[in-house]
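So this block is query.cif, mmCIF, C-alpha atoms and all ligand atoms:
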data_model
#
loop_
_atom_site.group_PDB
_atom_site.id
_atom_site.type_symbol
_atom_site.label_atom_id
_atom_site.label_comp_id
_atom_site.auth_asym_id
_atom_site.auth_seq_id
_atom_site.Cartn_x
_atom_site.Cartn_y
_atom_site.Cartn_z
ATOM 1 C CA MET U 8 105.915 112.136 98.882
ATOM 2 C CA LYS U 9 106.436 111.811 102.601
ATOM 3 C CA ILE U 10 104.689 108.748 103.985
ATOM 4 C CA ASN U 11 104.357 107.967 107.681
ATOM 5 C CA LEU U 12 103.110 104.529 108.707
ATOM 6 C CA ILE U 13 101.885 104.296 112.287
ATOM 7 C CA TYR U 14 101.258 100.757 113.526
ATOM 8 C CA GLY U 15 100.419 98.832 116.658
ATOM 9 C CA THR U 16 100.911 95.125 117.310
ATOM 10 C CA GLU U 17 100.705 92.347 119.891
ATOM 11 C CA THR U 18 102.725 89.620 118.192
ATOM 12 C CA GLY U 19 104.574 91.426 115.392
ATOM 13 C CA PHE U 20 102.535 90.665 112.272
ATOM 14 C CA THR U 21 101.245 94.201 111.763
ATOM 15 C CA LYS U 22 104.764 95.607 111.995
ATOM 16 C CA SER U 23 106.074 93.133 109.447
ATOM 17 C CA ILE U 24 103.239 93.872 106.987
ATOM 18 C CA GLY U 25 103.839 97.591 107.558
ATOM 19 C CA GLU U 26 107.476 97.126 106.569
ATOM 20 C CA ASP U 27 106.411 95.294 103.393
ATOM 21 C CA ILE U 28 104.037 98.147 102.502
ATOM 22 C CA LEU U 29 106.713 100.806 103.023
ATOM 23 C CA ARG U 30 109.289 98.884 100.990
ATOM 24 C CA LEU U 31 107.058 99.261 97.912
ATOM 25 C CA TRP U 32 106.866 103.031 98.432
ATOM 26 C CA GLU U 33 110.630 103.243 98.993
ATOM 27 C CA VAL U 34 111.492 101.513 95.712
ATOM 28 C CA ALA U 35 109.236 104.051 93.985
ATOM 29 C CA GLY U 36 111.390 106.840 95.452
ATOM 30 C CA HIS U 37 109.180 108.017 98.305
ATOM 31 C CA GLU U 38 110.366 109.002 101.759
ATOM 32 C CA THR U 39 108.970 106.695 104.456
ATOM 33 C CA ARG U 40 108.913 106.393 108.227
ATOM 34 C CA LEU U 41 107.695 103.478 110.359
ATOM 35 C CA ILE U 42 106.407 104.565 113.777
ATOM 36 C CA LYS U 43 104.974 102.525 116.670
ATOM 37 C CA VAL U 44 101.684 104.059 117.762
ATOM 38 C CA ASP U 45 102.599 104.464 121.418
ATOM 39 C CA GLU U 46 105.797 106.274 120.389
ATOM 40 C CA ALA U 47 104.194 108.612 117.834
ATOM 41 C CA ALA U 48 104.707 112.347 118.409
ATOM 42 C CA THR U 49 102.058 114.908 117.433
ATOM 43 C CA GLU U 50 103.872 115.785 114.195
ATOM 44 C CA ASP U 51 104.113 112.096 113.182
ATOM 45 C CA TRP U 52 100.364 112.080 112.445
ATOM 46 C CA ARG U 53 100.951 114.585 109.596
ATOM 47 C CA ALA U 54 102.389 113.486 106.224
ATOM 48 C CA ASP U 55 101.499 113.588 102.526
ATOM 49 C CA LEU U 56 100.065 110.142 103.203
ATOM 50 C CA LEU U 57 99.417 108.744 106.676
ATOM 51 C CA ILE U 58 99.039 104.950 106.794
ATOM 52 C CA MET U 59 97.624 103.438 109.987
ATOM 53 C CA GLY U 60 97.797 99.694 110.736
ATOM 54 C CA ALA U 61 96.172 97.750 113.572
ATOM 55 C CA PRO U 62 95.436 94.111 114.396
ATOM 56 C CA THR U 63 92.081 93.168 115.925
ATOM 57 C CA TRP U 64 92.067 91.310 119.230
ATOM 58 C CA CYS U 65 88.937 90.252 121.088
ATOM 59 C CA GLU U 66 87.925 88.297 124.115
ATOM 60 C CA PRO U 67 86.765 85.076 122.404
ATOM 61 C CA ARG U 68 84.302 84.160 125.163
ATOM 62 C CA LEU U 69 82.374 87.415 124.748
ATOM 63 C CA ASP U 70 82.396 87.313 120.931
ATOM 64 C CA THR U 71 80.949 90.805 120.585
ATOM 65 C CA PHE U 72 83.265 93.442 119.165
ATOM 66 C CA GLY U 73 86.896 93.143 118.323
ATOM 67 C CA GLU U 74 89.360 95.330 120.151
ATOM 68 C CA TYR U 75 92.608 97.087 119.453
ATOM 69 C CA SER U 76 95.997 95.855 120.509
ATOM 70 C CA ASP U 77 97.169 97.345 123.833
ATOM 71 C CA ASP U 78 99.394 99.955 122.196
ATOM 72 C CA TRP U 79 96.463 101.354 120.148
ATOM 73 C CA ASN U 80 94.337 101.397 123.310
ATOM 74 C CA GLU U 81 96.885 103.688 124.914
ATOM 75 C CA THR U 82 96.354 106.288 122.175
ATOM 76 C CA ASP U 83 93.292 108.545 122.242
ATOM 77 C CA LEU U 84 92.588 109.014 118.532
ATOM 78 C CA SER U 85 89.879 111.601 119.236
ATOM 79 C CA LYS U 86 92.687 113.941 120.315
ATOM 80 C CA ILE U 87 94.617 113.630 117.036
ATOM 81 C CA ASP U 88 94.141 116.372 114.447
ATOM 82 C CA PHE U 89 93.110 114.594 111.226
ATOM 83 C CA LYS U 90 91.717 117.699 109.481
ATOM 84 C CA ASP U 91 92.392 117.427 105.729
ATOM 85 C CA GLN U 92 94.874 114.604 106.352
ATOM 86 C CA THR U 93 94.870 111.840 103.704
ATOM 87 C CA VAL U 94 94.783 108.485 105.487
ATOM 88 C CA ALA U 95 94.940 104.840 104.347
ATOM 89 C CA LEU U 96 94.147 102.020 106.785
ATOM 90 C CA PHE U 97 95.202 98.375 106.955
ATOM 91 C CA GLY U 98 94.141 95.773 109.471
ATOM 92 C CA LEU U 99 95.376 92.333 110.492
ATOM 93 C CA GLY U 100 92.796 89.704 111.350
ATOM 94 C CA ASP U 101 91.700 86.069 111.198
ATOM 95 C CA GLN U 102 88.673 85.281 108.975
ATOM 96 C CA VAL U 103 88.329 81.701 110.241
ATOM 97 C CA GLY U 104 89.045 81.881 113.975
ATOM 98 C CA TYR U 105 87.422 85.296 114.500
ATOM 99 C CA GLY U 106 84.990 85.464 111.583
ATOM 100 C CA ASN U 107 82.413 87.435 113.585
ATOM 101 C CA ASN U 108 84.889 90.192 114.395
ATOM 102 C CA PHE U 109 87.029 90.173 111.300
ATOM 103 C CA VAL U 110 89.309 93.244 111.178
ATOM 104 C CA ASP U 111 86.939 95.281 113.369
ATOM 105 C CA ALA U 112 89.851 97.651 114.060
ATOM 106 C CA LEU U 113 89.477 99.034 110.513
ATOM 107 C CA GLY U 114 86.098 100.428 111.545
ATOM 108 C CA MET U 115 87.422 101.604 114.885
ATOM 109 C CA MET U 116 90.195 103.582 113.185
ATOM 110 C CA SER U 117 87.952 104.982 110.436
ATOM 111 C CA GLU U 118 85.618 106.691 112.893
ATOM 112 C CA PRO U 119 87.999 109.234 114.501
ATOM 113 C CA VAL U 120 89.678 109.896 111.156
ATOM 114 C CA LEU U 121 86.391 110.757 109.426
ATOM 115 C CA LYS U 122 84.981 112.623 112.450
ATOM 116 C CA GLY U 123 88.180 114.651 112.585
ATOM 117 C CA GLY U 124 87.869 115.710 108.943
ATOM 118 C CA GLY U 125 90.421 113.313 107.458
ATOM 119 C CA LYS U 126 90.109 111.782 103.989
ATOM 120 C CA LEU U 127 90.204 107.986 103.722
ATOM 121 C CA ILE U 128 91.578 106.323 100.612
ATOM 122 C CA GLY U 129 92.340 102.674 99.781
ATOM 123 C CA LYS U 130 89.037 100.913 100.422
ATOM 124 C CA VAL U 131 88.968 97.217 99.463
ATOM 125 C CA PRO U 132 85.923 95.146 98.305
ATOM 126 C CA THR U 133 84.557 92.808 101.018
ATOM 127 C CA LYS U 134 83.863 90.098 98.411
ATOM 128 C CA LEU U 135 87.578 89.282 98.281
ATOM 129 C CA TYR U 136 87.335 87.728 101.788
ATOM 130 C CA ASN U 137 85.340 84.943 103.519
ATOM 131 C CA TYR U 138 84.016 85.900 106.952
ATOM 132 C CA GLU U 139 80.712 86.282 108.804
ATOM 133 C CA LEU U 140 80.658 89.761 110.327
ATOM 134 C CA SER U 141 82.896 92.790 110.452
ATOM 135 C CA GLN U 142 82.763 96.244 111.967
ATOM 136 C CA GLY U 143 85.382 97.175 109.388
ATOM 137 C CA GLU U 144 82.856 97.567 106.536
ATOM 138 C CA ASP U 145 81.824 100.922 105.075
ATOM 139 C CA GLY U 146 78.243 99.790 104.319
ATOM 140 C CA GLU U 147 78.832 100.024 100.566
ATOM 141 C CA GLY U 148 80.538 96.703 99.943
ATOM 142 C CA ASN U 149 84.022 97.733 101.004
ATOM 143 C CA PHE U 150 86.316 97.555 103.975
ATOM 144 C CA TRP U 151 87.594 100.937 105.182
ATOM 145 C CA GLY U 152 91.078 99.745 104.254
ATOM 146 C CA LEU U 153 93.121 96.648 103.447
ATOM 147 C CA PRO U 154 92.495 93.464 105.476
ATOM 148 C CA ILE U 155 95.471 91.107 105.789
ATOM 149 C CA ASP U 156 95.013 87.554 107.127
ATOM 150 C CA GLU U 157 98.379 86.097 108.048
ATOM 151 C CA ASP U 158 96.708 83.258 109.986
ATOM 152 C CA ASN U 159 94.880 81.693 107.028
ATOM 153 C CA GLU U 160 96.042 83.329 103.793
ATOM 154 C CA PRO U 161 99.669 84.393 104.252
ATOM 155 C CA THR U 162 100.567 83.502 100.663
ATOM 156 C CA MET U 163 97.998 86.039 99.405
ATOM 157 C CA SER U 164 99.462 88.916 101.403
ATOM 158 C CA PRO U 165 102.267 89.985 99.021
ATOM 159 C CA GLN U 166 99.839 90.329 96.085
ATOM 160 C CA ARG U 167 97.222 92.058 98.267
ATOM 161 C CA ILE U 168 99.843 94.562 99.412
ATOM 162 C CA MET U 169 101.099 95.190 95.866
ATOM 163 C CA ASP U 170 97.567 95.702 94.524
ATOM 164 C CA TRP U 171 96.712 98.044 97.390
ATOM 165 C CA VAL U 172 99.804 100.209 96.996
ATOM 166 C CA GLU U 173 99.071 100.478 93.257
ATOM 167 C CA GLN U 174 95.475 101.480 94.103
ATOM 168 C CA LEU U 175 96.717 104.153 96.538
ATOM 169 C CA LYS U 176 99.115 105.526 93.914
ATOM 170 C CA LYS U 177 96.260 105.784 91.401
ATOM 171 C CA GLU U 178 93.968 107.470 93.938
ATOM 172 C CA LEU U 179 96.744 109.934 94.784
ATOM 173 C CA ASN U 180 97.829 110.338 91.174
ATOM 174 C CA VAL U 181 101.500 109.613 91.957
ATOM 175 C CA GLU U 182 104.033 107.184 90.505
HETATM 176 C C1 LIG T 201 93.106 85.912 121.478
HETATM 177 C C2 LIG T 201 92.996 86.389 120.057
HETATM 178 C C3 LIG T 201 91.944 87.207 119.682
HETATM 179 C C4 LIG T 201 91.813 87.645 118.344
HETATM 180 N N1 LIG T 201 90.724 88.381 117.989
HETATM 181 C C5 LIG T 201 90.539 88.698 116.676
HETATM 182 C C6 LIG T 201 89.354 89.386 116.269
HETATM 183 O O1 LIG T 201 88.469 89.731 117.051
HETATM 184 N N2 LIG T 201 89.223 89.685 114.932
HETATM 185 C C7 LIG T 201 90.165 89.340 114.000
HETATM 186 O O2 LIG T 201 89.981 89.631 112.819
HETATM 187 N N3 LIG T 201 91.297 88.688 114.381
HETATM 188 C C8 LIG T 201 91.506 88.366 115.684
HETATM 189 N N4 LIG T 201 92.643 87.709 116.059
HETATM 190 C C9 LIG T 201 93.693 87.424 115.049
HETATM 191 C C10 LIG T 201 94.812 88.469 115.074
HETATM 192 O O3 LIG T 201 94.333 89.753 114.769
HETATM 193 C C11 LIG T 201 95.882 88.097 114.044
HETATM 194 O O4 LIG T 201 96.526 86.922 114.458
HETATM 195 C C12 LIG T 201 96.885 89.191 113.743
HETATM 196 O O5 LIG T 201 97.715 88.774 112.681
HETATM 197 C C13 LIG T 201 97.743 89.574 114.935
HETATM 198 O O6 LIG T 201 98.509 90.706 114.603
HETATM 199 P P1 LIG T 201 99.711 91.259 115.503
HETATM 200 O O7 LIG T 201 100.793 90.189 115.487
HETATM 201 O O8 LIG T 201 100.165 92.491 114.830
HETATM 202 O O9 LIG T 201 99.203 91.517 116.879
HETATM 203 C C14 LIG T 201 92.794 87.264 117.381
HETATM 204 C C15 LIG T 201 93.867 86.450 117.768
HETATM 205 C C16 LIG T 201 93.968 86.009 119.069
HETATM 206 C C17 LIG T 201 95.117 85.095 119.424
#
If you convert what's in this file into C-alpha cells, what do you get?
Ligand SMILES: Cc1cc2nc3c(=O)[nH]c(=O)nc-3n(C[C@H](O)[C@H](O)[C@H](O)COP(=O)(O)O)c2cc1C
Amino acid sequence: MKINLIYGTETGFTKSIGEDILRLWEVAGHETRLIKVDEAATEDWRADLLIMGAPTWCEPRLDTFGEYSDDWNETDLSKIDFKDQTVALFGLGDQVGYGNNFVDALGMMSEPVLKGGGKLIGKVPTKLYNYELSQGEDGEGNFWGLPIDEDNEPTMSPQRIMDWVEQLKKELNVE
C-alpha cells in the first residue's frame, strides 16, 4: 500500500509521532511518505491510506475552542478533494493543561474530510483518556482518530501507536 502522512506542528512532537507511525508501516513492507502540510501538493492528498496529524493549540485565556498549528491554518481543507479517500487522523494534545480543549483538532480535521466524501477509519474510544471536554469526539464514545499526549503520558505513546496501526490494518484488511 502507498501511505502518505501529512502533518503540521509547532514544536515538533507531531512530526516525531508521525515518523513513529510510518516506521511501523515500513517494517510491514508498505511504501510511506512524510509530508509537511504547508508543503503538500495536490497529489499528496491521494494515497491508498492518507494519515493526517495535527496538534491542538489554543489561546489559554479564552479557553473556548482549540486551534490548529499555524501550518494547518495556512491550508484550506475545504478545497482538498477527499472524495472516496480513506483517511486516518491522529492528534497531539494535553489532557491536563488543556483538558477543556483536548485534541480539538481531531474534530476540526474530521469535518472537511467527511463533508468532502472521505472515509474515516481508526477511531479510538474516549474512555482510554482523562479529560473534561473535546471537540474531537464523534458523539458515539470515540475520538475521530488517535489522541497522543506527549506532555503527560509519553510512555504510553509507543503502545498506543502500535495498537492503532494494528487496528488500521484490520480495518483495511492488510498485513
Ligand atoms: C500555548 C499552548 C496551547 C495549547 N493548547 C492546547 C489545546 O487547546 N488542546 C490540547 O489538547 N493541547 C493543547 N496544547 C498542548 C499541545 O498540543 C501539545 O504540547 C502538543 O504535543 C504540541 O505538538 P507540536 O509539538 O506538534 O506542536 C497547548 C500547548 C500550549 C503550549
_Measuring between all atoms listed in the file, which one of U:Thr21, U:Thr93, U:Thr82, U:Thr63 shows the shortest distance to Val110 (chain U)?_
U:Thr63
*Within 12 Å of (97.1, 101.7, 104.5), all atoms listed in the file: residues as a PyMOL selection string?*
chain U and resi 10-14+21+24-29+32+56-61+93-99+113+116-117+127-131+150-155+167-176
Could you please take those selected residues and save C-alpha atoms as a CSV table (one decimal), in the coordinates of the input?
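Final output, saved to again21.csv:
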chain,number,residue,atom,x,y,z
U,10,ILE,CA,104.7,108.7,104.0
U,11,ASN,CA,104.4,108.0,107.7
U,12,LEU,CA,103.1,104.5,108.7
U,13,ILE,CA,101.9,104.3,112.3
U,14,TYR,CA,101.3,100.8,113.5
U,21,THR,CA,101.2,94.2,111.8
U,24,ILE,CA,103.2,93.9,107.0
U,25,GLY,CA,103.8,97.6,107.6
U,26,GLU,CA,107.5,97.1,106.6
U,27,ASP,CA,106.4,95.3,103.4
U,28,ILE,CA,104.0,98.1,102.5
U,29,LEU,CA,106.7,100.8,103.0
U,32,TRP,CA,106.9,103.0,98.4
U,56,LEU,CA,100.1,110.1,103.2
U,57,LEU,CA,99.4,108.7,106.7
U,58,ILE,CA,99.0,105.0,106.8
U,59,MET,CA,97.6,103.4,110.0
U,60,GLY,CA,97.8,99.7,110.7
U,61,ALA,CA,96.2,97.8,113.6
U,93,THR,CA,94.9,111.8,103.7
U,94,VAL,CA,94.8,108.5,105.5
U,95,ALA,CA,94.9,104.8,104.3
U,96,LEU,CA,94.1,102.0,106.8
U,97,PHE,CA,95.2,98.4,107.0
U,98,GLY,CA,94.1,95.8,109.5
U,99,LEU,CA,95.4,92.3,110.5
U,113,LEU,CA,89.5,99.0,110.5
U,116,MET,CA,90.2,103.6,113.2
U,117,SER,CA,88.0,105.0,110.4
U,127,LEU,CA,90.2,108.0,103.7
U,128,ILE,CA,91.6,106.3,100.6
U,129,GLY,CA,92.3,102.7,99.8
U,130,LYS,CA,89.0,100.9,100.4
U,131,VAL,CA,89.0,97.2,99.5
U,150,PHE,CA,86.3,97.6,104.0
U,151,TRP,CA,87.6,100.9,105.2
U,152,GLY,CA,91.1,99.7,104.3
U,153,LEU,CA,93.1,96.6,103.4
U,154,PRO,CA,92.5,93.5,105.5
U,155,ILE,CA,95.5,91.1,105.8
U,167,ARG,CA,97.2,92.1,98.3
U,168,ILE,CA,99.8,94.6,99.4
U,169,MET,CA,101.1,95.2,95.9
U,170,ASP,CA,97.6,95.7,94.5
U,171,TRP,CA,96.7,98.0,97.4
U,172,VAL,CA,99.8,100.2,97.0
U,173,GLU,CA,99.1,100.5,93.3
U,174,GLN,CA,95.5,101.5,94.1
U,175,LEU,CA,96.7,104.2,96.5
U,176,LYS,CA,99.1,105.5,93.9
*Once the PyMOL selection byres (((chain U and resi 105) around 12) and not hetatm) has been applied to the shown file, what residues remain in the selection, as a PyMOL selection string?*
chain U and resi 62-74+99-104+106-111+137-141+156+158-159
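If you look at CA of Phe20 (chain U) and CA of Met8 (chain U), they are 25.5 Å away from each other.
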*Could you name the residues that touch Ser85 (chain U) at 10 Å or less, counting all atoms listed in the file, but leaving out those on the same chain fewer than 5 positions away, as a PyMOL selection string?*
chain U and resi 118-120+122-123
*May I ask which of the residues U:Gly114, U:Thr133, U:Asp55, U:Val44 is the closest one to Lys22 (chain U), counting all atoms listed in the file?*
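With all atoms listed in the file as the atom set, the closest residue is U:Val44.
Here CA of Leu84 (chain U) and CA of Pro161 (chain U) stand 29.3 Å from one another.
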*With all atoms listed in the file as the basis for distance, which of U:Glu81, U:Glu178, U:Glu160, U:Glu38 is at the shortest distance from ligand LIG 201 (chain T)?*
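Checking each candidate against ligand LIG 201 (chain T), we get U:Glu160 as the closest.
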Draw an axis-aligned box over all listed atoms of ligand LIG 201 (chain T), pad each side with 8 Å, and write its centre and edge lengths in Å, one decimal, as lines of an AutoDock Vina configuration file.
center_x = 94.6
center_y = 88.8
center_z = 117.1
size_x = 28.3
size_y = 23.4
size_z = 24.8
Complete region 146-165 of chain U at the level of N, CA and C atoms, written as a PDB file, in the frame of the given file.
ATOM      1  N   GLY U 146      79.679  99.813 104.641  1.00  0.00           N
ATOM      2  CA  GLY U 146      78.243  99.790 104.319  1.00  0.00           C
ATOM      3  C   GLY U 146      77.956  99.859 102.830  1.00  0.00           C
ATOM      4  N   GLU U 147      79.016  99.953 102.024  1.00  0.00           N
ATOM      5  CA  GLU U 147      78.832 100.024 100.566  1.00  0.00           C
ATOM      6  C   GLU U 147      79.641  98.946  99.854  1.00  0.00           C
ATOM      7  N   GLY U 148      79.851  97.824 100.563  1.00  0.00           N
ATOM      8  CA  GLY U 148      80.538  96.703  99.943  1.00  0.00           C
ATOM      9  C   GLY U 148      82.052  96.738 100.036  1.00  0.00           C
ATOM     10  N   ASN U 149      82.557  97.646 100.851  1.00  0.00           N
ATOM     11  CA  ASN U 149      84.022  97.733 101.004  1.00  0.00           C
ATOM     12  C   ASN U 149      84.432  97.675 102.468  1.00  0.00           C
ATOM     13  N   PHE U 150      85.685  97.299 102.689  1.00  0.00           N
ATOM     14  CA  PHE U 150      86.316  97.555 103.975  1.00  0.00           C
ATOM     15  C   PHE U 150      86.875  98.981 103.931  1.00  0.00           C
ATOM     16  N   TRP U 151      87.041  99.581 105.102  1.00  0.00           N
ATOM     17  CA  TRP U 151      87.594 100.937 105.182  1.00  0.00           C
ATOM     18  C   TRP U 151      89.065 100.970 104.788  1.00  0.00           C
ATOM     19  N   GLY U 152      89.675  99.804 104.657  1.00  0.00           N
ATOM     20  CA  GLY U 152      91.078  99.745 104.254  1.00  0.00           C
ATOM     21  C   GLY U 152      91.408  98.327 103.824  1.00  0.00           C
ATOM     22  N   LEU U 153      92.659  97.967 103.914  1.00  0.00           N
ATOM     23  CA  LEU U 153      93.121  96.648 103.447  1.00  0.00           C
ATOM     24  C   LEU U 153      93.167  95.629 104.587  1.00  0.00           C
ATOM     25  N   PRO U 154      92.350  94.553 104.515  1.00  0.00           N
ATOM     26  CA  PRO U 154      92.495  93.464 105.476  1.00  0.00           C
ATOM     27  C   PRO U 154      93.629  92.517 105.059  1.00  0.00           C
ATOM     28  N   ILE U 155      94.419  92.096 106.017  1.00  0.00           N
ATOM     29  CA  ILE U 155      95.471  91.107 105.789  1.00  0.00           C
ATOM     30  C   ILE U 155      95.266  89.975 106.791  1.00  0.00           C
ATOM     31  N   ASP U 156      95.234  88.723 106.269  1.00  0.00           N
ATOM     32  CA  ASP U 156      95.013  87.554 107.127  1.00  0.00           C
ATOM     33  C   ASP U 156      96.236  86.654 107.085  1.00  0.00           C
ATOM     34  N   GLU U 157      97.155  86.896 107.993  1.00  0.00           N
ATOM     35  CA  GLU U 157      98.379  86.097 108.048  1.00  0.00           C
ATOM     36  C   GLU U 157      98.137  84.723 108.672  1.00  0.00           C
ATOM     37  N   ASP U 158      97.000  84.549 109.352  1.00  0.00           N
ATOM     38  CA  ASP U 158      96.708  83.258 109.986  1.00  0.00           C
ATOM     39  C   ASP U 158      96.262  82.221 108.962  1.00  0.00           C
ATOM     40  N   ASN U 159      95.471  82.646 107.977  1.00  0.00           N
ATOM     41  CA  ASN U 159      94.880  81.693 107.028  1.00  0.00           C
ATOM     42  C   ASN U 159      95.346  81.865 105.587  1.00  0.00           C
ATOM     43  N   GLU U 160      95.705  83.085 105.201  1.00  0.00           N
ATOM     44  CA  GLU U 160      96.042  83.329 103.793  1.00  0.00           C
ATOM     45  C   GLU U 160      97.352  84.108 103.639  1.00  0.00           C
ATOM     46  N   PRO U 161      98.417  83.630 104.316  1.00  0.00           N
ATOM     47  CA  PRO U 161      99.669  84.393 104.252  1.00  0.00           C
ATOM     48  C   PRO U 161     100.246  84.489 102.837  1.00  0.00           C
ATOM     49  N   THR U 162      99.983  83.471 102.005  1.00  0.00           N
ATOM     50  CA  THR U 162     100.567  83.502 100.663  1.00  0.00           C
ATOM     51  C   THR U 162      99.881  84.558  99.782  1.00  0.00           C
ATOM     52  N   MET U 163      98.692  85.017 100.190  1.00  0.00           N
ATOM     53  CA  MET U 163      97.998  86.039  99.405  1.00  0.00           C
ATOM     54  C   MET U 163      98.441  87.450  99.784  1.00  0.00           C
ATOM     55  N   SER U 164      99.143  87.571 100.906  1.00  0.00           N
ATOM     56  CA  SER U 164      99.462  88.916 101.403  1.00  0.00           C
ATOM     57  C   SER U 164     100.350  89.734 100.459  1.00  0.00           C
ATOM     58  N   PRO U 165     101.421  89.158  99.895  1.00  0.00           N
ATOM     59  CA  PRO U 165     102.267  89.985  99.021  1.00  0.00           C
ATOM     60  C   PRO U 165     101.490  90.603  97.854  1.00  0.00           C
TER      61      PRO U 165
END
